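File shown: query_31.tsv. Contents: TSV, N, CA and C atoms.
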chain	number	residue	atom	x	y	z
A	1	VAL	N	-48.75	-15.94	5.83
A	1	VAL	CA	-47.44	-15.39	6.07
A	1	VAL	C	-47.57	-13.87	6.22
A	2	GLN	N	-46.85	-13.32	7.18
A	2	GLN	CA	-46.84	-11.87	7.38
A	2	GLN	C	-45.56	-11.29	6.80
A	3	LEU	N	-45.69	-10.13	6.18
A	3	LEU	CA	-44.59	-9.52	5.46
A	3	LEU	C	-44.39	-8.09	5.95
A	4	VAL	N	-43.16	-7.71	6.23
A	4	VAL	CA	-42.86	-6.36	6.69
A	4	VAL	C	-41.70	-5.81	5.88
A	5	GLU	N	-42.01	-4.79	5.08
A	5	GLU	CA	-40.99	-4.16	4.25
A	5	GLU	C	-40.30	-3.04	5.01
A	6	SER	N	-39.05	-2.79	4.63
A	6	SER	CA	-38.28	-1.68	5.18
A	6	SER	C	-37.21	-1.27	4.19
A	7	GLY	N	-36.59	-0.13	4.45
A	7	GLY	CA	-35.48	0.31	3.63
A	7	GLY	C	-35.80	1.42	2.65
A	8	GLY	N	-37.07	1.79	2.55
A	8	GLY	CA	-37.42	2.89	1.66
A	8	GLY	C	-36.94	4.23	2.18
A	9	GLY	N	-37.07	5.24	1.36
A	9	GLY	CA	-36.64	6.57	1.76
A	9	GLY	C	-36.52	7.50	0.58
A	10	LEU	N	-35.89	8.62	0.83
A	10	LEU	CA	-35.66	9.64	-0.20
A	10	LEU	C	-34.23	9.53	-0.69
A	11	VAL	N	-34.05	9.48	-1.98
A	11	VAL	CA	-32.72	9.36	-2.57
A	11	VAL	C	-32.67	10.20	-3.84
A	12	GLN	N	-31.50	10.69	-4.15
A	12	GLN	CA	-31.35	11.46	-5.39
A	12	GLN	C	-31.24	10.53	-6.58
A	13	ALA	N	-31.60	11.05	-7.72
A	13	ALA	CA	-31.46	10.28	-8.96
A	13	ALA	C	-30.02	9.81	-9.11
A	14	GLY	N	-29.88	8.57	-9.52
A	14	GLY	CA	-28.57	7.97	-9.64
A	14	GLY	C	-28.13	7.22	-8.40
A	15	GLY	N	-28.86	7.40	-7.33
A	15	GLY	CA	-28.50	6.76	-6.07
A	15	GLY	C	-29.00	5.34	-5.97
A	16	SER	N	-28.79	4.77	-4.78
A	16	SER	CA	-29.12	3.37	-4.54
A	16	SER	C	-29.89	3.21	-3.24
A	17	LEU	N	-30.67	2.17	-3.19
A	17	LEU	CA	-31.37	1.76	-1.97
A	17	LEU	C	-31.45	0.24	-1.97
A	18	ARG	N	-31.51	-0.32	-0.77
A	18	ARG	CA	-31.80	-1.75	-0.64
A	18	ARG	C	-33.02	-1.92	0.24
A	19	LEU	N	-34.04	-2.51	-0.33
A	19	LEU	CA	-35.26	-2.81	0.41
A	19	LEU	C	-35.16	-4.21	1.00
A	20	SER	N	-35.75	-4.38	2.16
A	20	SER	CA	-35.81	-5.68	2.81
A	20	SER	C	-37.26	-6.03	3.10
A	21	CYS	N	-37.55	-7.30	3.12
A	21	CYS	CA	-38.88	-7.78	3.48
A	21	CYS	C	-38.70	-8.98	4.41
A	22	ALA	N	-39.02	-8.78	5.66
A	22	ALA	CA	-38.94	-9.84	6.65
A	22	ALA	C	-40.28	-10.55	6.73
A	23	THR	N	-40.24	-11.86	6.82
A	23	THR	CA	-41.47	-12.63	6.86
A	23	THR	C	-41.64	-13.27	8.23
A	24	SER	N	-42.82	-13.82	8.44
A	24	SER	CA	-43.12	-14.41	9.74
A	24	SER	C	-42.36	-15.68	10.00
A	25	GLY	N	-41.79	-16.23	8.92
A	25	GLY	CA	-40.79	-17.25	9.16
A	25	GLY	C	-41.16	-18.68	8.90
A	26	ARG	N	-42.41	-19.04	9.01
A	26	ARG	CA	-42.72	-20.44	8.88
A	26	ARG	C	-42.63	-20.86	7.42
A	27	SER	N	-41.78	-21.81	7.13
A	27	SER	CA	-41.68	-22.39	5.80
A	27	SER	C	-41.38	-21.36	4.73
A	28	PHE	N	-40.56	-20.38	5.07
A	28	PHE	CA	-40.23	-19.33	4.09
A	28	PHE	C	-39.70	-19.94	2.80
A	29	SER	N	-38.93	-20.99	2.90
A	29	SER	CA	-38.34	-21.58	1.71
A	29	SER	C	-39.38	-22.26	0.82
A	30	ASN	N	-40.62	-22.37	1.27
A	30	ASN	CA	-41.68	-22.92	0.43
A	30	ASN	C	-42.40	-21.87	-0.39
A	31	TYR	N	-41.93	-20.62	-0.31
A	31	TYR	CA	-42.60	-19.52	-0.99
A	31	TYR	C	-41.76	-18.96	-2.14
A	32	THR	N	-42.42	-18.70	-3.22
A	32	THR	CA	-41.88	-17.85	-4.28
A	32	THR	C	-42.14	-16.42	-3.86
A	33	MET	N	-41.15	-15.55	-4.00
A	33	MET	CA	-41.27	-14.18	-3.51
A	33	MET	C	-41.16	-13.19	-4.65
A	34	ALA	N	-41.73	-12.02	-4.43
A	34	ALA	CA	-41.69	-10.99	-5.47
A	34	ALA	C	-41.77	-9.61	-4.86
A	35	TRP	N	-41.42	-8.64	-5.66
A	35	TRP	CA	-41.61	-7.24	-5.35
A	35	TRP	C	-42.53	-6.63	-6.40
A	36	PHE	N	-43.44	-5.79	-5.92
A	36	PHE	CA	-44.32	-5.00	-6.76
A	36	PHE	C	-44.19	-3.55	-6.33
A	37	ARG	N	-44.73	-2.66	-7.14
A	37	ARG	CA	-44.75	-1.26	-6.74
A	37	ARG	C	-46.03	-0.61	-7.25
A	38	GLN	N	-46.41	0.46	-6.58
A	38	GLN	CA	-47.70	1.08	-6.90
A	38	GLN	C	-47.71	2.53	-6.46
A	39	VAL	N	-48.31	3.34	-7.28
A	39	VAL	CA	-48.68	4.68	-6.90
A	39	VAL	C	-50.15	4.61	-6.49
A	40	PRO	N	-50.52	5.11	-5.32
A	40	PRO	CA	-51.92	5.02	-4.89
A	40	PRO	C	-52.86	5.53	-5.96
A	41	GLY	N	-53.87	4.73	-6.25
A	41	GLY	CA	-54.82	5.09	-7.27
A	41	GLY	C	-54.53	4.48	-8.62
A	42	ASN	N	-53.32	3.96	-8.76
A	42	ASN	CA	-52.94	3.30	-10.02
A	42	ASN	C	-52.80	1.80	-9.82
A	43	GLU	N	-52.67	1.09	-10.91
A	43	GLU	CA	-52.51	-0.36	-10.82
A	43	GLU	C	-51.14	-0.71	-10.24
A	44	ARG	N	-51.12	-1.82	-9.55
A	44	ARG	CA	-49.86	-2.34	-9.04
A	44	ARG	C	-49.01	-2.86	-10.19
A	45	GLU	N	-47.73	-2.62	-10.11
A	45	GLU	CA	-46.80	-2.97	-11.19
A	45	GLU	C	-45.79	-3.99	-10.68
A	46	PHE	N	-45.59	-5.02	-11.45
A	46	PHE	CA	-44.61	-6.05	-11.09
A	46	PHE	C	-43.19	-5.52	-11.24
A	47	VAL	N	-42.33	-5.91	-10.32
A	47	VAL	CA	-40.94	-5.49	-10.37
A	47	VAL	C	-40.01	-6.68	-10.60
A	48	ALA	N	-40.08	-7.68	-9.71
A	48	ALA	CA	-39.15	-8.81	-9.79
A	48	ALA	C	-39.69	-9.96	-8.96
A	49	ALA	N	-39.28	-11.17	-9.34
A	49	ALA	CA	-39.65	-12.37	-8.59
A	49	ALA	C	-38.45	-13.28	-8.46
A	50	ILE	N	-38.49	-14.14	-7.44
A	50	ILE	CA	-37.38	-15.05	-7.18
A	50	ILE	C	-37.93	-16.38	-6.73
A	51	SER	N	-37.30	-17.44	-7.18
A	51	SER	CA	-37.74	-18.78	-6.83
A	51	SER	C	-37.42	-19.11	-5.38
A	52	TRP	N	-37.92	-20.23	-4.93
A	52	TRP	CA	-37.81	-20.59	-3.53
A	52	TRP	C	-36.37	-20.67	-3.04
A	53	ASN	N	-35.46	-21.06	-3.90
A	53	ASN	CA	-34.07	-21.21	-3.47
A	53	ASN	C	-33.15	-20.13	-4.03
A	54	GLY	N	-33.74	-19.15	-4.70
A	54	GLY	CA	-32.93	-18.08	-5.28
A	54	GLY	C	-32.27	-18.44	-6.59
A	55	GLY	N	-32.54	-19.63	-7.09
A	55	GLY	CA	-31.87	-20.08	-8.29
A	55	GLY	C	-32.38	-19.46	-9.57
A	56	SER	N	-33.59	-18.93	-9.53
A	56	SER	CA	-34.18	-18.29	-10.72
A	56	SER	C	-34.76	-16.95	-10.32
A	57	THR	N	-34.62	-15.99	-11.23
A	57	THR	CA	-35.21	-14.67	-11.03
A	57	THR	C	-35.88	-14.21	-12.31
A	58	TYR	N	-36.75	-13.25	-12.16
A	58	TYR	CA	-37.51	-12.72	-13.30
A	58	TYR	C	-37.76	-11.24	-13.02
A	59	TYR	N	-37.50	-10.40	-14.02
A	59	TYR	CA	-37.58	-8.95	-13.83
A	59	TYR	C	-38.48	-8.31	-14.86
A	60	ALA	N	-39.09	-7.22	-14.45
A	60	ALA	CA	-39.77	-6.35	-15.40
A	60	ALA	C	-38.70	-5.66	-16.26
A	61	GLU	N	-39.03	-5.42	-17.50
A	61	GLU	CA	-38.07	-4.80	-18.41
A	61	GLU	C	-37.59	-3.45	-17.90
A	62	ARG	N	-38.47	-2.72	-17.26
A	62	ARG	CA	-38.14	-1.36	-16.83
A	62	ARG	C	-37.04	-1.33	-15.78
A	63	VAL	N	-36.84	-2.44	-15.07
A	63	VAL	CA	-35.86	-2.44	-13.99
A	63	VAL	C	-34.69	-3.37	-14.25
A	64	LYS	N	-34.76	-4.13	-15.30
A	64	LYS	CA	-33.72	-5.11	-15.60
A	64	LYS	C	-32.38	-4.41	-15.75
A	65	GLY	N	-31.38	-4.94	-15.08
A	65	GLY	CA	-30.05	-4.36	-15.12
A	65	GLY	C	-29.79	-3.33	-14.04
A	66	ARG	N	-30.86	-2.86	-13.39
A	66	ARG	CA	-30.69	-1.87	-12.32
A	66	ARG	C	-31.11	-2.43	-10.95
A	67	PHE	N	-32.06	-3.33	-10.95
A	67	PHE	CA	-32.57	-3.91	-9.71
A	67	PHE	C	-32.15	-5.37	-9.63
A	68	THR	N	-31.88	-5.81	-8.40
A	68	THR	CA	-31.53	-7.21	-8.16
A	68	THR	C	-32.34	-7.74	-6.98
A	69	ILE	N	-33.08	-8.81	-7.22
A	69	ILE	CA	-33.82	-9.46	-6.13
A	69	ILE	C	-32.98	-10.61	-5.61
A	70	SER	N	-33.00	-10.79	-4.31
A	70	SER	CA	-32.28	-11.89	-3.68
A	70	SER	C	-33.02	-12.31	-2.42
A	71	ARG	N	-32.63	-13.42	-1.86
A	71	ARG	CA	-33.28	-13.89	-0.63
A	71	ARG	C	-32.28	-14.63	0.23
A	72	ASP	N	-32.56	-14.62	1.51
A	72	ASP	CA	-31.77	-15.36	2.48
A	72	ASP	C	-32.76	-16.22	3.27
A	73	ASN	N	-32.83	-17.48	2.94
A	73	ASN	CA	-33.82	-18.35	3.58
A	73	ASN	C	-33.51	-18.58	5.05
A	74	ALA	N	-32.25	-18.45	5.44
A	74	ALA	CA	-31.90	-18.60	6.85
A	74	ALA	C	-32.43	-17.43	7.67
A	75	LYS	N	-32.60	-16.28	7.02
A	75	LYS	CA	-33.08	-15.08	7.71
A	75	LYS	C	-34.54	-14.78	7.37
A	76	ASN	N	-35.16	-15.63	6.55
A	76	ASN	CA	-36.57	-15.44	6.17
A	76	ASN	C	-36.80	-14.05	5.58
A	77	THR	N	-35.89	-13.63	4.75
A	77	THR	CA	-35.92	-12.27	4.23
A	77	THR	C	-35.65	-12.26	2.73
A	78	VAL	N	-36.36	-11.38	2.03
A	78	VAL	CA	-36.11	-11.14	0.62
A	78	VAL	C	-35.68	-9.68	0.46
A	79	TYR	N	-34.81	-9.43	-0.49
A	79	TYR	CA	-34.24	-8.11	-0.69
A	79	TYR	C	-34.48	-7.62	-2.11
A	80	LEU	N	-34.42	-6.30	-2.25
A	80	LEU	CA	-34.43	-5.70	-3.58
A	80	LEU	C	-33.35	-4.61	-3.57
A	81	GLN	N	-32.25	-4.88	-4.23
A	81	GLN	CA	-31.19	-3.89	-4.38
A	81	GLN	C	-31.49	-3.06	-5.61
A	82	MET	N	-31.52	-1.75	-5.43
A	82	MET	CA	-31.86	-0.85	-6.52
A	82	MET	C	-30.71	0.13	-6.72
A	83	ILE	N	-30.21	0.19	-7.93
A	83	ILE	CA	-29.15	1.14	-8.26
A	83	ILE	C	-29.61	2.01	-9.43
A	84	SER	N	-28.86	3.06	-9.69
A	84	SER	CA	-29.17	3.97	-10.80
A	84	SER	C	-30.63	4.39	-10.77
A	85	LEU	N	-31.09	4.76	-9.60
A	85	LEU	CA	-32.50	5.09	-9.44
A	85	LEU	C	-32.87	6.33	-10.24
A	86	LYS	N	-34.10	6.32	-10.73
A	86	LYS	CA	-34.64	7.41	-11.54
A	86	LYS	C	-35.88	7.96	-10.85
A	87	PRO	N	-36.23	9.20	-11.14
A	87	PRO	CA	-37.46	9.75	-10.56
A	87	PRO	C	-38.69	8.89	-10.86
A	88	GLU	N	-38.70	8.23	-12.00
A	88	GLU	CA	-39.84	7.37	-12.33
A	88	GLU	C	-39.88	6.07	-11.54
A	89	ASP	N	-38.89	5.85	-10.68
A	89	ASP	CA	-38.93	4.71	-9.76
A	89	ASP	C	-39.62	5.07	-8.45
A	90	THR	N	-40.17	6.26	-8.38
A	90	THR	CA	-40.86	6.71	-7.17
A	90	THR	C	-42.20	6.00	-7.05
A	91	TYR	N	-42.30	5.15	-6.05
A	91	TYR	CA	-43.48	4.32	-5.82
A	91	TYR	C	-43.50	3.90	-4.34
A	92	ILE	N	-44.58	3.27	-3.95
A	92	ILE	CA	-44.60	2.44	-2.75
A	92	ILE	C	-44.28	1.02	-3.21
A	93	TYR	N	-43.31	0.42	-2.56
A	93	TYR	CA	-42.85	-0.91	-2.95
A	93	TYR	C	-43.39	-1.94	-1.95
A	94	TYR	N	-43.93	-3.02	-2.51
A	94	TYR	CA	-44.52	-4.08	-1.71
A	94	TYR	C	-43.84	-5.40	-2.01
A	95	CYS	N	-43.60	-6.18	-0.97
A	95	CYS	CA	-43.17	-7.53	-1.25
A	95	CYS	C	-44.37	-8.45	-1.16
A	96	SER	N	-44.25	-9.58	-1.81
A	96	SER	CA	-45.35	-10.53	-1.89
A	96	SER	C	-44.83	-11.94	-1.80
A	97	ALA	N	-45.63	-12.80	-1.20
A	97	ALA	CA	-45.29	-14.20	-1.04
A	97	ALA	C	-46.35	-15.06	-1.69
A	98	LEU	N	-45.89	-16.03	-2.44
A	98	LEU	CA	-46.79	-16.97	-3.13
A	98	LEU	C	-46.36	-18.37	-2.76
A	99	TYR	N	-47.26	-19.11	-2.14
A	99	TYR	CA	-46.89	-20.44	-1.67
A	99	TYR	C	-46.62	-21.38	-2.84
A	100	GLY	N	-45.54	-22.10	-2.71
A	100	GLY	CA	-45.21	-23.11	-3.72
A	100	GLY	C	-43.82	-22.91	-4.30
A	101	ARG	N	-43.18	-24.02	-4.58
A	101	ARG	CA	-41.83	-24.01	-5.13
A	101	ARG	C	-41.80	-24.19	-6.64
A	102	ASP	N	-42.93	-24.51	-7.22
A	102	ASP	CA	-42.92	-24.92	-8.63
A	102	ASP	C	-43.53	-23.90	-9.57
A	103	HIS	N	-43.62	-22.66	-9.15
A	103	HIS	CA	-44.18	-21.64	-10.03
A	103	HIS	C	-43.16	-21.27	-11.10
A	104	ALA	N	-43.64	-21.20	-12.33
A	104	ALA	CA	-42.78	-20.77	-13.42
A	104	ALA	C	-42.52	-19.28	-13.31
A	105	LEU	N	-41.29	-18.88	-13.42
A	105	LEU	CA	-40.95	-17.45	-13.35
A	105	LEU	C	-41.00	-16.87	-14.76
A	106	ASP	N	-42.21	-16.60	-15.19
A	106	ASP	CA	-42.43	-15.93	-16.46
A	106	ASP	C	-43.65	-15.04	-16.30
A	107	PHE	N	-44.18	-14.58	-17.41
A	107	PHE	CA	-45.29	-13.62	-17.33
A	107	PHE	C	-46.47	-14.17	-16.53
A	108	SER	N	-46.65	-15.47	-16.53
A	108	SER	CA	-47.79	-16.06	-15.83
A	108	SER	C	-47.73	-15.86	-14.32
A	109	ILE	N	-46.53	-15.60	-13.79
A	109	ILE	CA	-46.39	-15.46	-12.34
A	109	ILE	C	-47.14	-14.22	-11.85
A	110	LEU	N	-47.33	-13.24	-12.71
A	110	LEU	CA	-48.03	-12.03	-12.29
A	110	LEU	C	-49.47	-12.36	-11.90
A	111	GLN	N	-50.14	-13.18	-12.71
A	111	GLN	CA	-51.51	-13.53	-12.38
A	111	GLN	C	-51.57	-14.42	-11.16
A	112	ASP	N	-50.58	-15.28	-10.99
A	112	ASP	CA	-50.53	-16.13	-9.80
A	112	ASP	C	-50.46	-15.29	-8.53
A	113	PHE	N	-49.60	-14.28	-8.55
A	113	PHE	CA	-49.49	-13.41	-7.37
A	113	PHE	C	-50.78	-12.61	-7.17
A	114	ALA	N	-51.37	-12.15	-8.25
A	114	ALA	CA	-52.61	-11.38	-8.13
A	114	ALA	C	-53.72	-12.23	-7.52
A	115	ASN	N	-53.74	-13.51	-7.87
A	115	ASN	CA	-54.80	-14.40	-7.39
A	115	ASN	C	-54.57	-14.90	-5.98
A	116	SER	N	-53.32	-15.19	-5.66
A	116	SER	CA	-53.05	-15.94	-4.43
A	116	SER	C	-51.94	-15.37	-3.56
A	117	GLY	N	-51.34	-14.27	-3.96
A	117	GLY	CA	-50.21	-13.75	-3.19
A	117	GLY	C	-50.64	-13.00	-1.95
A	118	SER	N	-49.79	-13.02	-0.95
A	118	SER	CA	-49.94	-12.18	0.23
A	118	SER	C	-49.02	-10.99	0.09
A	119	PHE	N	-49.47	-9.83	0.54
A	119	PHE	CA	-48.71	-8.60	0.37
A	119	PHE	C	-48.48	-7.93	1.71
A	120	GLY	N	-47.35	-7.22	1.80
A	120	GLY	CA	-47.06	-6.43	2.98
A	120	GLY	C	-47.69	-5.06	2.90
A	121	GLN	N	-47.30	-4.19	3.82
A	121	GLN	CA	-47.87	-2.85	3.90
A	121	GLN	C	-47.13	-1.85	3.03
A	122	GLY	N	-45.98	-2.22	2.57
A	122	GLY	CA	-45.25	-1.36	1.65
A	122	GLY	C	-44.24	-0.45	2.32
A	123	THR	N	-43.27	-0.02	1.51
A	123	THR	CA	-42.29	0.97	1.94
A	123	THR	C	-42.12	1.98	0.81
A	124	ARG	N	-42.12	3.25	1.18
A	124	ARG	CA	-42.13	4.30	0.16
A	124	ARG	C	-40.73	4.64	-0.30
A	125	VAL	N	-40.57	4.71	-1.60
A	125	VAL	CA	-39.32	5.14	-2.22
A	125	VAL	C	-39.58	6.39	-3.03
A	126	THR	N	-38.83	7.43	-2.74
A	126	THR	CA	-38.95	8.68	-3.48
A	126	THR	C	-37.59	9.03	-4.06
A	127	VAL	N	-37.55	9.22	-5.37
A	127	VAL	CA	-36.31	9.56	-6.06
A	127	VAL	C	-36.44	10.99	-6.58
A	128	SER	N	-35.57	11.85	-6.10
A	128	SER	CA	-35.62	13.25	-6.51
A	128	SER	C	-34.69	13.49	-7.70
A	129	SER	N	-35.08	14.43	-8.52
A	129	SER	CA	-34.28	14.72	-9.73
A	129	SER	C	-33.22	15.76	-9.45

Represent the structure of the file as structure tokens.
Amino acid sequence: VQLVESGGGLVQAGGSLRLSCATSGRSFSNYTMAWFRQVPGNEREFVAAISWNGGSTYYAERVKGRFTISRDNAKNTVYLQMISLKPEDTYIYYCSALYGRDHALDFSILQDFANSGSFGQGTRVTVSS
């Protein structure tokens, strides 16, 4: 599956952004999707994951209550709505696809994505203070 992120940019602290990730389309509903973020040179950090039908979500503590992951299977797209942005949210954001509908959305999903996930090229988010 090919993944193309968009929607990043420069925003002031307290502002909002919505990231999108368009996929190549085949069998999108068979994939568990997620967002990660990374500063070059540092480890990739998990942000949020969503089940194949959007019925379940899982968030990192640092973003819970501020970020919302969603998906539109008809459009083969996953989204990350970010509000109340902070300077420490400044990262390159990547979406990831993991084949399968039966992945548990808990801490174990991080290793599953690390082992078998496909990642896009990323979109840069910069939050100014």

Just to confirm, what's the straight-line distance from CA of Pro87 (chain A) to CA of Val47 (chain A) in Å (one decimal)?
15.6 Å

So that I can check the surroundings of Arg71 (chain A), please list as a list in words every protein, DNA and RNA residue that reaches within 9 Å of it, counting only C-alpha atoms and ignoring chain neighbours fewer than 3 positions away.
Met33, Ile50, Trp52, Asn53, Gly54, Ala74, Lys75, Asn76, Thr77, Val78, Tyr79 and Leu80 of chain A

May I have all residues of chain A that DSSP, computed from the backbone, assigns to helix (DSSP H, G or I), given as a count of residues only?
15

Using only C-alpha atoms, which residue out of A:Tyr93, A:Ser129, A:Gly100, A:Ser20 lies closest to Ser116 (chain A)?
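Once distances to Ser116 (chain A) are computed over only C-alpha atoms, the minimum belongs to A:Gly100.
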
Could you list, as an NGL selection string, every residue within 7 Å of Cys95 (chain A), counting only N, CA and C atoms and ignoring same-chain residues fewer than 6 positions away?
:A and (3 or 5 or 21 or 33-36 or 118-123)

What does the file look like for those residues with N, CA and C atoms, as a short mmCIF file (atom, residue, chain, number, x, y, z; two decimals), in the coordinates of the input?
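Dumped everything to selection.cif:
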data_model
loop_
_atom_site.label_atom_id
_atom_site.label_comp_id
_atom_site.auth_asym_id
_atom_site.auth_seq_id
_atom_site.Cartn_x
_atom_site.Cartn_y
_atom_site.Cartn_z
N LEU A 3 -45.69 -10.13 6.18
CA LEU A 3 -44.59 -9.52 5.46
C LEU A 3 -44.39 -8.09 5.95
N GLU A 5 -42.01 -4.79 5.08
CA GLU A 5 -40.99 -4.16 4.25
C GLU A 5 -40.30 -3.04 5.01
N CYS A 21 -37.55 -7.30 3.12
CA CYS A 21 -38.88 -7.78 3.48
C CYS A 21 -38.70 -8.98 4.41
N MET A 33 -41.15 -15.55 -4.00
CA MET A 33 -41.27 -14.18 -3.51
C MET A 33 -41.16 -13.19 -4.65
N ALA A 34 -41.73 -12.02 -4.43
CA ALA A 34 -41.69 -10.99 -5.47
C ALA A 34 -41.77 -9.61 -4.86
N TRP A 35 -41.42 -8.64 -5.66
CA TRP A 35 -41.61 -7.24 -5.35
C TRP A 35 -42.53 -6.63 -6.40
N PHE A 36 -43.44 -5.79 -5.92
CA PHE A 36 -44.32 -5.00 -6.76
C PHE A 36 -44.19 -3.55 -6.33
N SER A 118 -49.79 -13.02 -0.95
CA SER A 118 -49.94 -12.18 0.23
C SER A 118 -49.02 -10.99 0.09
N PHE A 119 -49.47 -9.83 0.54
CA PHE A 119 -48.71 -8.60 0.37
C PHE A 119 -48.48 -7.93 1.71
N GLY A 120 -47.35 -7.22 1.80
CA GLY A 120 -47.06 -6.43 2.98
C GLY A 120 -47.69 -5.06 2.90
N GLN A 121 -47.30 -4.19 3.82
CA GLN A 121 -47.87 -2.85 3.90
C GLN A 121 -47.13 -1.85 3.03
N GLY A 122 -45.98 -2.22 2.57
CA GLY A 122 -45.25 -1.36 1.65
C GLY A 122 -44.24 -0.45 2.32
N THR A 123 -43.27 -0.02 1.51
CA THR A 123 -42.29 0.97 1.94
C THR A 123 -42.12 1.98 0.81
#

Nearest to Gly14 (chain A) among A:Ile92, A:His103, A:Ser128, A:Phe67, with distances taken over only N, CA and C atoms: which residue is it?
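Checking each of A:Ile92, A:His103, A:Ser128, A:Phe67 against Gly14 (chain A), counting only N, CA and C atoms, the winner is A:Ser128.
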
Point-to-point distance in Å for CA of Thr23 (chain A) and CA of Asp72 (chain A)
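Separating CA of Asp72 (chain A) from CA of Thr23 (chain A) is a distance of 11.0 Å.
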
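You will find CA of Ala13 (chain A) at 20.7 Å from CA of Tyr94 (chain A).
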
Let me make sure I understand: among A:Leu105, A:Ala97, A:Leu17, A:Met82, which one has the smallest atom-to-atom distance to Tyr58 (chain A) if we use all atoms listed in the file?
A:Leu105

Closest of A:Ala114, A:Val63, A:Ile69, A:Ile83 to Ala49 (chain A) - atom-to-atom distances counting only N, CA and C atoms
A:Ile69

Could you pull out the strand (DSSP E) residues of region 8-106 of chain A, going by DSSP on the backbone, and write them as a ChimeraX atom specification?
/A:9-12,17-23,31-38,45-50,57-59,67-72,77-82,91-99

Using all atoms listed in the file - which residues lie no farther than 5 Å from the point (-35.2, 5.2, -0.7) in the file's frame? Write them as a list in words.
Gly8, Gly9, Leu10, Val11, Val125 and Thr126 of chain A

Hey, which of A:Ser27, A:Gly55, A:Ala48, A:Lys86 ends up closest to Thr68 (chain A)? Count all atoms listed in the file.
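Under the stated criterion, the closest residue is A:Ala48.
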